[in-house]
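Chemist: Handing over target34.pdb, PDB, C-alpha atoms.
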ATOM      1  CA  MET B   1     111.320  99.676 113.523  1.00  0.00           C
ATOM      2  CA  GLU B   2     109.173  98.819 116.531  1.00  0.00           C
ATOM      3  CA  SER B   3     107.677 101.796 118.405  1.00  0.00           C
ATOM      4  CA  ILE B   4     108.657 100.849 121.981  1.00  0.00           C
ATOM      5  CA  ALA B   5     112.138  99.311 122.027  1.00  0.00           C
ATOM      6  CA  ASN B   6     112.284  95.751 123.313  1.00  0.00           C
ATOM      7  CA  THR B   7     115.370  96.200 125.484  1.00  0.00           C
ATOM      8  CA  PRO B   8     116.940  93.579 127.791  1.00  0.00           C
ATOM      9  CA  LYS B   9     116.985  93.656 131.591  1.00  0.00           C
ATOM     10  CA  PRO B  10     118.975  96.682 132.879  1.00  0.00           C
ATOM     11  CA  PRO B  11     121.659  97.826 133.271  1.00  0.00           C
ATOM     12  CA  TYR B  12     122.292  99.048 129.730  1.00  0.00           C
ATOM     13  CA  TYR B  13     122.838 102.478 128.173  1.00  0.00           C
ATOM     14  CA  ALA B  14     120.674 105.118 126.530  1.00  0.00           C
ATOM     15  CA  VAL B  15     121.578 108.086 124.346  1.00  0.00           C
ATOM     16  CA  ILE B  16     118.874 110.760 124.515  1.00  0.00           C
ATOM     17  CA  PHE B  17     119.186 113.132 121.558  1.00  0.00           C
ATOM     18  CA  THR B  18     116.863 116.174 121.600  1.00  0.00           C
ATOM     19  CA  ALA B  19     116.904 118.717 118.784  1.00  0.00           C
ATOM     20  CA  ASP B  20     115.222 121.851 117.466  1.00  0.00           C
ATOM     21  CA  ARG B  21     115.084 121.797 113.666  1.00  0.00           C
ATOM     22  CA  ALA B  22     116.458 124.760 111.719  1.00  0.00           C
ATOM     23  CA  ASN B  23     114.739 126.038 108.566  1.00  0.00           C
ATOM     24  CA  VAL B  24     117.160 124.175 106.314  1.00  0.00           C
ATOM     25  CA  THR B  25     115.880 120.722 105.415  1.00  0.00           C
ATOM     26  CA  ASP B  26     117.935 119.914 102.285  1.00  0.00           C
ATOM     27  CA  GLY B  27     119.108 116.326 102.454  1.00  0.00           C
ATOM     28  CA  TYR B  28     117.723 115.773 105.955  1.00  0.00           C
ATOM     29  CA  ASP B  29     115.112 113.100 105.235  1.00  0.00           C
ATOM     30  CA  GLU B  30     117.482 110.956 103.187  1.00  0.00           C
ATOM     31  CA  MET B  31     120.257 111.212 105.801  1.00  0.00           C
ATOM     32  CA  ALA B  32     117.831 110.479 108.660  1.00  0.00           C
ATOM     33  CA  ARG B  33     116.582 107.399 106.815  1.00  0.00           C
ATOM     34  CA  GLN B  34     120.144 106.189 106.248  1.00  0.00           C
ATOM     35  CA  MET B  35     121.130 106.768 109.867  1.00  0.00           C
ATOM     36  CA  VAL B  36     118.076 104.907 111.234  1.00  0.00           C
ATOM     37  CA  GLU B  37     118.919 102.000 108.926  1.00  0.00           C
ATOM     38  CA  MET B  38     122.648 101.991 109.756  1.00  0.00           C
ATOM     39  CA  VAL B  39     122.355 102.379 113.514  1.00  0.00           C
ATOM     40  CA  GLN B  40     120.353  99.153 113.723  1.00  0.00           C
ATOM     41  CA  THR B  41     123.288  97.181 112.265  1.00  0.00           C
ATOM     42  CA  GLN B  42     125.876  98.522 114.739  1.00  0.00           C
ATOM     43  CA  PRO B  43     127.524  96.234 117.321  1.00  0.00           C
ATOM     44  CA  GLY B  44     125.891  96.623 120.720  1.00  0.00           C
ATOM     45  CA  PHE B  45     122.764  98.367 119.395  1.00  0.00           C
ATOM     46  CA  LEU B  46     119.686  97.375 121.442  1.00  0.00           C
ATOM     47  CA  GLY B  47     116.850  99.573 120.194  1.00  0.00           C
ATOM     48  CA  LEU B  48     115.588 102.930 118.987  1.00  0.00           C
ATOM     49  CA  GLU B  49     112.607 105.139 119.852  1.00  0.00           C
ATOM     50  CA  THR B  50     111.848 108.334 118.006  1.00  0.00           C
ATOM     51  CA  ALA B  51     109.135 111.016 117.948  1.00  0.00           C
ATOM     52  CA  GLU B  52     108.896 114.570 116.677  1.00  0.00           C
ATOM     53  CA  SER B  53     106.569 117.426 117.611  1.00  0.00           C
ATOM     54  CA  ARG B  54     107.792 120.907 118.453  1.00  0.00           C
ATOM     55  CA  VAL B  55     111.068 119.187 119.362  1.00  0.00           C
ATOM     56  CA  GLY B  56     112.522 115.951 118.007  1.00  0.00           C
ATOM     57  CA  ILE B  57     113.504 113.227 120.480  1.00  0.00           C
ATOM     58  CA  LEU B  58     115.504 110.179 119.475  1.00  0.00           C
ATOM     59  CA  VAL B  59     116.510 107.630 122.105  1.00  0.00           C
ATOM     60  CA  SER B  60     118.904 104.832 121.168  1.00  0.00           C
ATOM     61  CA  TYR B  61     119.804 101.960 123.490  1.00  0.00           C
ATOM     62  CA  TRP B  62     123.191 100.248 123.744  1.00  0.00           C
ATOM     63  CA  ASP B  63     124.939  97.449 125.580  1.00  0.00           C
ATOM     64  CA  SER B  64     127.950  99.578 126.602  1.00  0.00           C
ATOM     65  CA  LEU B  65     129.613 102.983 126.491  1.00  0.00           C
ATOM     66  CA  GLU B  66     132.153 101.466 124.113  1.00  0.00           C
ATOM     67  CA  SER B  67     129.415 100.624 121.562  1.00  0.00           C
ATOM     68  CA  ILE B  68     128.121 104.201 121.812  1.00  0.00           C
ATOM     69  CA  ARG B  69     131.628 105.541 121.214  1.00  0.00           C
ATOM     70  CA  GLN B  70     132.113 103.287 118.184  1.00  0.00           C
ATOM     71  CA  TRP B  71     128.893 104.518 116.595  1.00  0.00           C
ATOM     72  CA  GLN B  72     129.760 108.156 117.289  1.00  0.00           C
ATOM     73  CA  GLN B  73     133.100 107.648 115.542  1.00  0.00           C
ATOM     74  CA  HIS B  74     131.580 105.914 112.514  1.00  0.00           C
ATOM     75  CA  GLY B  75     132.527 107.926 109.400  1.00  0.00           C
ATOM     76  CA  ARG B  76     129.084 108.286 107.873  1.00  0.00           C
ATOM     77  CA  HIS B  77     127.575 109.122 111.279  1.00  0.00           C
ATOM     78  CA  GLN B  78     130.216 111.820 111.885  1.00  0.00           C
ATOM     79  CA  GLU B  79     129.320 113.349 108.534  1.00  0.00           C
ATOM     80  CA  ALA B  80     125.628 113.343 109.544  1.00  0.00           C
ATOM     81  CA  ARG B  81     126.469 114.942 112.886  1.00  0.00           C
ATOM     82  CA  VAL B  82     128.456 117.759 111.267  1.00  0.00           C
ATOM     83  CA  ARG B  83     125.622 118.491 108.835  1.00  0.00           C
ATOM     84  CA  GLY B  84     123.124 118.380 111.714  1.00  0.00           C
ATOM     85  CA  ARG B  85     125.160 120.871 113.734  1.00  0.00           C
ATOM     86  CA  THR B  86     125.771 123.247 110.829  1.00  0.00           C
ATOM     87  CA  GLU B  87     122.585 122.906 108.756  1.00  0.00           C
ATOM     88  CA  TRP B  88     119.586 121.036 110.149  1.00  0.00           C
ATOM     89  CA  TYR B  89     119.455 121.854 113.863  1.00  0.00           C
ATOM     90  CA  SER B  90     119.318 125.263 115.513  1.00  0.00           C
ATOM     91  CA  ALA B  91     119.996 123.605 118.873  1.00  0.00           C
ATOM     92  CA  TYR B  92     120.462 120.092 120.198  1.00  0.00           C
ATOM     93  CA  LYS B  93     121.486 118.211 123.281  1.00  0.00           C
ATOM     94  CA  THR B  94     122.888 114.701 123.615  1.00  0.00           C
ATOM     95  CA  ARG B  95     122.739 112.919 126.964  1.00  0.00           C
ATOM     96  CA  ILE B  96     124.549 109.657 127.708  1.00  0.00           C
ATOM     97  CA  CYS B  97     122.725 107.691 130.403  1.00  0.00           C
ATOM     98  CA  LYS B  98     122.896 104.426 132.268  1.00  0.00           C
ATOM     99  CA  VAL B  99     119.478 102.757 132.444  1.00  0.00           C
ATOM    100  CA  GLU B 100     119.184 101.406 135.965  1.00  0.00           C
ATOM    101  CA  ARG B 101     115.586 100.209 136.149  1.00  0.00           C
ATOM    102  CA  GLU B 102     112.677  99.685 133.789  1.00  0.00           C
ATOM    103  CA  TYR B 103     109.077  98.574 133.982  1.00  0.00           C
ATOM    104  CA  GLY B 104     106.182  98.525 131.559  1.00  0.00           C
ATOM    105  CA  HIS B 105     102.879  97.155 130.513  1.00  0.00           C
ATOM    106  CA  HIS B 106     101.224  95.642 127.434  1.00  0.00           C
ATOM    107  CA  HIS B 107      97.464  95.186 127.175  1.00  0.00           C
TER     108      HIS B 107
ATOM    109  CA  MET Z   1     107.756 124.763 128.584  1.00  0.00           C
ATOM    110  CA  GLU Z   2     111.078 125.049 126.757  1.00  0.00           C
ATOM    111  CA  SER Z   3     111.686 122.495 123.997  1.00  0.00           C
ATOM    112  CA  ILE Z   4     115.199 121.330 124.986  1.00  0.00           C
ATOM    113  CA  ALA Z   5     115.494 121.112 128.776  1.00  0.00           C
ATOM    114  CA  ASN Z   6     118.117 123.370 130.299  1.00  0.00           C
ATOM    115  CA  THR Z   7     119.544 120.817 132.721  1.00  0.00           C
ATOM    116  CA  PRO Z   8     122.542 121.291 135.061  1.00  0.00           C
ATOM    117  CA  LYS Z   9     125.922 119.605 134.739  1.00  0.00           C
ATOM    118  CA  PRO Z  10     125.614 115.785 135.161  1.00  0.00           C
ATOM    119  CA  PRO Z  11     125.179 113.583 137.058  1.00  0.00           C
ATOM    120  CA  TYR Z  12     121.417 113.843 137.417  1.00  0.00           C
ATOM    121  CA  TYR Z  13     118.523 111.500 136.587  1.00  0.00           C
ATOM    122  CA  ALA Z  14     116.180 110.967 133.648  1.00  0.00           C
ATOM    123  CA  VAL Z  15     112.867 109.121 133.391  1.00  0.00           C
ATOM    124  CA  ILE Z  16     112.216 108.030 129.803  1.00  0.00           C
ATOM    125  CA  PHE Z  17     108.531 107.230 129.328  1.00  0.00           C
ATOM    126  CA  THR Z  18     107.560 105.737 125.945  1.00  0.00           C
ATOM    127  CA  ALA Z  19     103.958 104.871 125.134  1.00  0.00           C
ATOM    128  CA  ASP Z  20     101.658 103.614 122.393  1.00  0.00           C
ATOM    129  CA  ARG Z  21      98.273 105.308 122.615  1.00  0.00           C
ATOM    130  CA  ALA Z  22      95.130 103.197 122.758  1.00  0.00           C
ATOM    131  CA  ASN Z  23      91.953 104.227 120.931  1.00  0.00           C
ATOM    132  CA  VAL Z  24      90.415 105.665 124.098  1.00  0.00           C
ATOM    133  CA  THR Z  25      91.208 109.355 124.481  1.00  0.00           C
ATOM    134  CA  ASP Z  26      88.479 110.470 126.943  1.00  0.00           C
ATOM    135  CA  GLY Z  27      89.988 112.806 129.495  1.00  0.00           C
ATOM    136  CA  TYR Z  28      93.525 112.329 128.177  1.00  0.00           C
ATOM    137  CA  ASP Z  29      94.287 115.885 127.021  1.00  0.00           C
ATOM    138  CA  GLU Z  30      93.067 117.477 130.232  1.00  0.00           C
ATOM    139  CA  MET Z  31      94.998 115.009 132.416  1.00  0.00           C
ATOM    140  CA  ALA Z  32      98.155 115.401 130.292  1.00  0.00           C
ATOM    141  CA  ARG Z  33      97.911 119.182 130.630  1.00  0.00           C
ATOM    142  CA  GLN Z  34      97.508 118.914 134.413  1.00  0.00           C
ATOM    143  CA  MET Z  35     100.428 116.506 134.760  1.00  0.00           C
ATOM    144  CA  VAL Z  36     102.765 118.697 132.688  1.00  0.00           C
ATOM    145  CA  GLU Z  37     101.801 121.654 134.865  1.00  0.00           C
ATOM    146  CA  MET Z  38     102.141 119.760 138.154  1.00  0.00           C
ATOM    147  CA  VAL Z  39     105.414 117.972 137.405  1.00  0.00           C
ATOM    148  CA  GLN Z  40     107.152 121.305 136.969  1.00  0.00           C
ATOM    149  CA  THR Z  41     106.319 122.301 140.553  1.00  0.00           C
ATOM    150  CA  GLN Z  42     107.704 119.109 142.134  1.00  0.00           C
ATOM    151  CA  PRO Z  43     110.817 119.163 144.368  1.00  0.00           C
ATOM    152  CA  GLY Z  44     113.897 118.095 142.444  1.00  0.00           C
ATOM    153  CA  PHE Z  45     112.334 118.548 138.989  1.00  0.00           C
ATOM    154  CA  LEU Z  46     114.932 119.766 136.459  1.00  0.00           C
ATOM    155  CA  GLY Z  47     113.210 119.711 133.071  1.00  0.00           C
ATOM    156  CA  LEU Z  48     110.857 118.033 130.613  1.00  0.00           C
ATOM    157  CA  GLU Z  49     111.059 117.132 126.914  1.00  0.00           C
ATOM    158  CA  THR Z  50     108.151 115.657 125.024  1.00  0.00           C
ATOM    159  CA  ALA Z  51     107.291 114.655 121.448  1.00  0.00           C
ATOM    160  CA  GLU Z  52     104.690 112.436 119.836  1.00  0.00           C
ATOM    161  CA  SER Z  53     104.608 110.700 116.450  1.00  0.00           C
ATOM    162  CA  ARG Z  54     103.766 107.026 116.026  1.00  0.00           C
ATOM    163  CA  VAL Z  55     104.936 106.679 119.633  1.00  0.00           C
ATOM    164  CA  GLY Z  56     104.896 109.253 122.417  1.00  0.00           C
ATOM    165  CA  ILE Z  57     108.161 109.990 124.251  1.00  0.00           C
ATOM    166  CA  LEU Z  58     108.292 112.013 127.440  1.00  0.00           C
ATOM    167  CA  VAL Z  59     111.608 112.537 129.200  1.00  0.00           C
ATOM    168  CA  SER Z  60     111.665 114.202 132.619  1.00  0.00           C
ATOM    169  CA  TYR Z  61     114.864 115.160 134.441  1.00  0.00           C
ATOM    170  CA  TRP Z  62     115.414 115.032 138.215  1.00  0.00           C
ATOM    171  CA  ASP Z  63     118.038 115.784 140.812  1.00  0.00           C
ATOM    172  CA  SER Z  64     117.746 112.390 142.551  1.00  0.00           C
ATOM    173  CA  LEU Z  65     116.036 109.004 142.621  1.00  0.00           C
ATOM    174  CA  GLU Z  66     114.227 110.167 145.759  1.00  0.00           C
ATOM    175  CA  SER Z  67     112.595 113.055 143.851  1.00  0.00           C
ATOM    176  CA  ILE Z  68     111.472 110.601 141.138  1.00  0.00           C
ATOM    177  CA  ARG Z  69     109.992 108.329 143.805  1.00  0.00           C
ATOM    178  CA  GLN Z  70     108.143 111.221 145.451  1.00  0.00           C
ATOM    179  CA  TRP Z  71     106.562 112.244 142.144  1.00  0.00           C
ATOM    180  CA  GLN Z  72     105.576 108.655 141.330  1.00  0.00           C
ATOM    181  CA  GLN Z  73     103.830 108.405 144.702  1.00  0.00           C
ATOM    182  CA  HIS Z  74     101.993 111.721 144.310  1.00  0.00           C
ATOM    183  CA  GLY Z  75      98.240 111.015 144.575  1.00  0.00           C
ATOM    184  CA  ARG Z  76      97.088 112.817 141.443  1.00  0.00           C
ATOM    185  CA  HIS Z  77      99.992 111.332 139.450  1.00  0.00           C
ATOM    186  CA  GLN Z  78      99.127 107.813 140.637  1.00  0.00           C
ATOM    187  CA  GLU Z  79      95.559 108.375 139.467  1.00  0.00           C
ATOM    188  CA  ALA Z  80      96.889 109.488 136.042  1.00  0.00           C
ATOM    189  CA  ARG Z  81      99.151 106.432 135.847  1.00  0.00           C
ATOM    190  CA  VAL Z  82      96.286 104.028 136.594  1.00  0.00           C
ATOM    191  CA  ARG Z  83      94.104 105.648 133.913  1.00  0.00           C
ATOM    192  CA  GLY Z  84      97.033 105.557 131.478  1.00  0.00           C
ATOM    193  CA  ARG Z  85      97.575 101.868 132.086  1.00  0.00           C
ATOM    194  CA  THR Z  86      93.900 100.923 131.885  1.00  0.00           C
ATOM    195  CA  GLU Z  87      92.530 103.403 129.321  1.00  0.00           C
ATOM    196  CA  TRP Z  88      94.912 105.563 127.292  1.00  0.00           C
ATOM    197  CA  TYR Z  89      97.937 103.379 126.520  1.00  0.00           C
ATOM    198  CA  SER Z  90      98.020  99.997 124.812  1.00  0.00           C
ATOM    199  CA  ALA Z  91     101.661  99.612 125.851  1.00  0.00           C
ATOM    200  CA  TYR Z  92     104.270 101.687 127.649  1.00  0.00           C
ATOM    201  CA  LYS Z  93     107.724 101.471 129.115  1.00  0.00           C
ATOM    202  CA  THR Z  94     109.319 103.566 131.841  1.00  0.00           C
ATOM    203  CA  ARG Z  95     113.093 103.643 132.178  1.00  0.00           C
ATOM    204  CA  ILE Z  96     114.924 105.191 135.135  1.00  0.00           C
ATOM    205  CA  CYS Z  97     118.375 106.416 134.098  1.00  0.00           C
ATOM    206  CA  LYS Z  98     121.396 108.176 135.483  1.00  0.00           C
ATOM    207  CA  VAL Z  99     122.630 110.871 133.078  1.00  0.00           C
ATOM    208  CA  GLU Z 100     126.404 110.583 133.089  1.00  0.00           C
ATOM    209  CA  ARG Z 101     127.470 112.980 130.333  1.00  0.00           C
ATOM    210  CA  GLU Z 102     125.886 115.613 128.113  1.00  0.00           C
ATOM    211  CA  TYR Z 103     126.923 117.923 125.330  1.00  0.00           C
ATOM    212  CA  GLY Z 104     125.105 120.172 122.918  1.00  0.00           C
ATOM    213  CA  HIS Z 105     125.082 123.097 120.602  1.00  0.00           C
ATOM    214  CA  HIS Z 106     123.131 126.308 120.002  1.00  0.00           C
ATOM    215  CA  HIS Z 107     123.501 128.360 116.831  1.00  0.00           C
TER     216      HIS Z 107
END
Can you give me the file's structure in the form of structure tokens?

Modeler:
Amino acid sequence: MESIANTPKPPYYAVIFTADRANVTDGYDEMARQMVEMVQTQPGFLGLETAESRVGILVSYWDSLESIRQWQQHGRHQEARVRGRTEWYSAYKTRICKVEREYGHHH
Amino acid sequence: MESIANTPKPPYYAVIFTADRANVTDGYDEMARQMVEMVQTQPGFLGLETAESRVGILVSYWDSLESIRQWQQHGRHQEARVRGRTEWYSAYKTRICKVEREYGHHH
């Protein structure tokens, strides 16, 4: 996985997922690994950026709201989301966004 | 600073800033501290979420594109951005987004 996602020219969509981890970590690493692997094979997936300090932030990029919906309804992903909500996260927020503009820089 | 930003009901705006750090770190921590302090006093600022692993992700939330523009044109912030581009980051991307929907969960 690249560190800065190489996304196309806007508009496209972003899902910003921010979470506070709970004390329970059983099964988390394996599920997270599976999800990162699976999400990259989904139709309409454009890229992924992730970092974790006091809070975890995961931003995924998509070609359409329909692609986001498909991934959210994916069976294995739904299972991960239920376990996240009930076991691994004490709090989280998911924001669905339309990326309107982007700019950047590489040395 | 809270870990998950307590933002209002959408729509509102998000700036997703993703960066790879360069080897130069002179002055970075002090500038980062100042920027985090200053951004929270800007008109239209709604919240901030930040995490750093292999890549650094900083998401700030705003009431309007105009508030984002004002902050980007702020003198001290412009100075920080120039130093970021020339000294502290080997690559970065800034994405301006409209947050259309959000949902979440607290235990």

Chemist: I'd like the contact shell of Arg76 in chain B - 9 Å cut-off, all atoms listed in the file, skipping same-chain residues fewer than 4 positions apart - returned as a PyMOL selection string.

Modeler: chain B and resi 35+80-81

Chemist: Mind dumping the selected residues with C-alpha atoms as a JSON list (two decimals), keeping the file's coordinate frame?

Modeler:
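And here is the file that came out, part-v7.json:
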[["chain", "number", "residue", "atom", "x", "y", "z"],
["B", 35, "MET", "CA", 121.13, 106.77, 109.87],
["B", 80, "ALA", "CA", 125.63, 113.34, 109.54],
["B", 81, "ARG", "CA", 126.47, 114.94, 112.89]]

Chemist: For this file, the PyMOL selection byres ((chain Z) within 9 of (chain B)) selects which residues, as JSON, numbers by chain?

Modeler: {"Z": [3, 4, 5, 13, 14, 16, 18, 19, 20, 49, 50, 51, 52, 53, 54, 55, 56, 57, 58, 59, 85, 86, 89, 90, 91, 92, 93, 94, 95, 96, 97, 98, 99, 100, 101, 102, 103, 104, 105, 106, 107]}

Chemist: Measure the distance from CA of Gly84 in chain B to CA of Tyr28 in chain B in Å and round it to one decimal.

Modeler: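 CA of Gly84 in chain B sits 8.3 Å away from CA of Tyr28 in chain B.
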
Chemist: Name the closest residue to Glu66 in chain B among the candidates B:Met31, B:Phe45, B:Asp26, B:Arg21; distances are taken between atoms, counting only C-alpha atoms.

Modeler: B:Phe45

Chemist: Mind pulling up the distance from CA of Ser64 in chain B to CA of Glu30 in chain B?

Modeler: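 CA of Ser64 in chain B lies at a distance of 28.1 Å from CA of Glu30 in chain B.
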
Chemist: Work out how far apart CA of Arg33 in chain Z and CA of Arg69 in chain Z are and give it in Å to one decimal.

Modeler: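 We find that CA of Arg33 in chain Z and CA of Arg69 in chain Z lie 20.9 Å from each other.
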
Chemist: Please output range 88-100 of chain Z, rebuilt to include N, CA, C and O atoms, as a short mmCIF file (atom, residue, chain, number, x, y, z; two decimals), in the coordinates of the input.

Modeler:
data_model
loop_
_atom_site.label_atom_id
_atom_site.label_comp_id
_atom_site.auth_asym_id
_atom_site.auth_seq_id
_atom_site.Cartn_x
_atom_site.Cartn_y
_atom_site.Cartn_z
N TRP Z 88 94.34 104.75 128.36
CA TRP Z 88 94.91 105.56 127.29
C TRP Z 88 96.07 104.93 126.53
O TRP Z 88 96.39 105.36 125.44
N TYR Z 89 96.76 103.96 127.17
CA TYR Z 89 97.94 103.38 126.52
C TYR Z 89 97.73 101.89 126.28
O TYR Z 89 97.28 101.16 127.17
N SER Z 90 98.07 101.43 125.07
CA SER Z 90 98.02 100.00 124.81
C SER Z 90 99.31 99.34 125.28
O SER Z 90 99.34 98.14 125.58
N ALA Z 91 100.38 100.12 125.35
CA ALA Z 91 101.66 99.61 125.85
C ALA Z 91 102.50 100.80 126.28
O ALA Z 91 102.38 101.90 125.73
N TYR Z 92 103.34 100.61 127.27
CA TYR Z 92 104.27 101.69 127.65
C TYR Z 92 105.48 101.08 128.32
O TYR Z 92 105.46 99.94 128.78
N LYS Z 93 106.53 101.86 128.37
CA LYS Z 93 107.72 101.47 129.12
C LYS Z 93 108.28 102.69 129.82
O LYS Z 93 108.32 103.79 129.26
N THR Z 94 108.69 102.50 131.06
CA THR Z 94 109.32 103.57 131.84
C THR Z 94 110.72 103.12 132.19
O THR Z 94 110.91 102.01 132.70
N ARG Z 95 111.71 103.97 131.87
CA ARG Z 95 113.09 103.64 132.18
C ARG Z 95 113.69 104.72 133.09
O ARG Z 95 113.59 105.90 132.78
N ILE Z 96 114.28 104.28 134.19
CA ILE Z 96 114.92 105.19 135.14
C ILE Z 96 116.42 105.17 134.86
O ILE Z 96 117.04 104.10 134.88
N CYS Z 97 116.99 106.35 134.57
CA CYS Z 97 118.38 106.42 134.10
C CYS Z 97 119.18 107.44 134.88
O CYS Z 97 118.64 108.44 135.35
N LYS Z 98 120.47 107.18 134.96
CA LYS Z 98 121.40 108.18 135.48
C LYS Z 98 122.09 108.83 134.30
O LYS Z 98 122.73 108.15 133.50
N VAL Z 99 121.97 110.16 134.17
CA VAL Z 99 122.63 110.87 133.08
C VAL Z 99 124.08 111.10 133.49
O VAL Z 99 124.36 111.73 134.51
N GLU Z 100 125.00 110.54 132.71
CA GLU Z 100 126.40 110.58 133.09
C GLU Z 100 127.18 111.68 132.37
O GLU Z 100 128.15 112.21 132.90
#
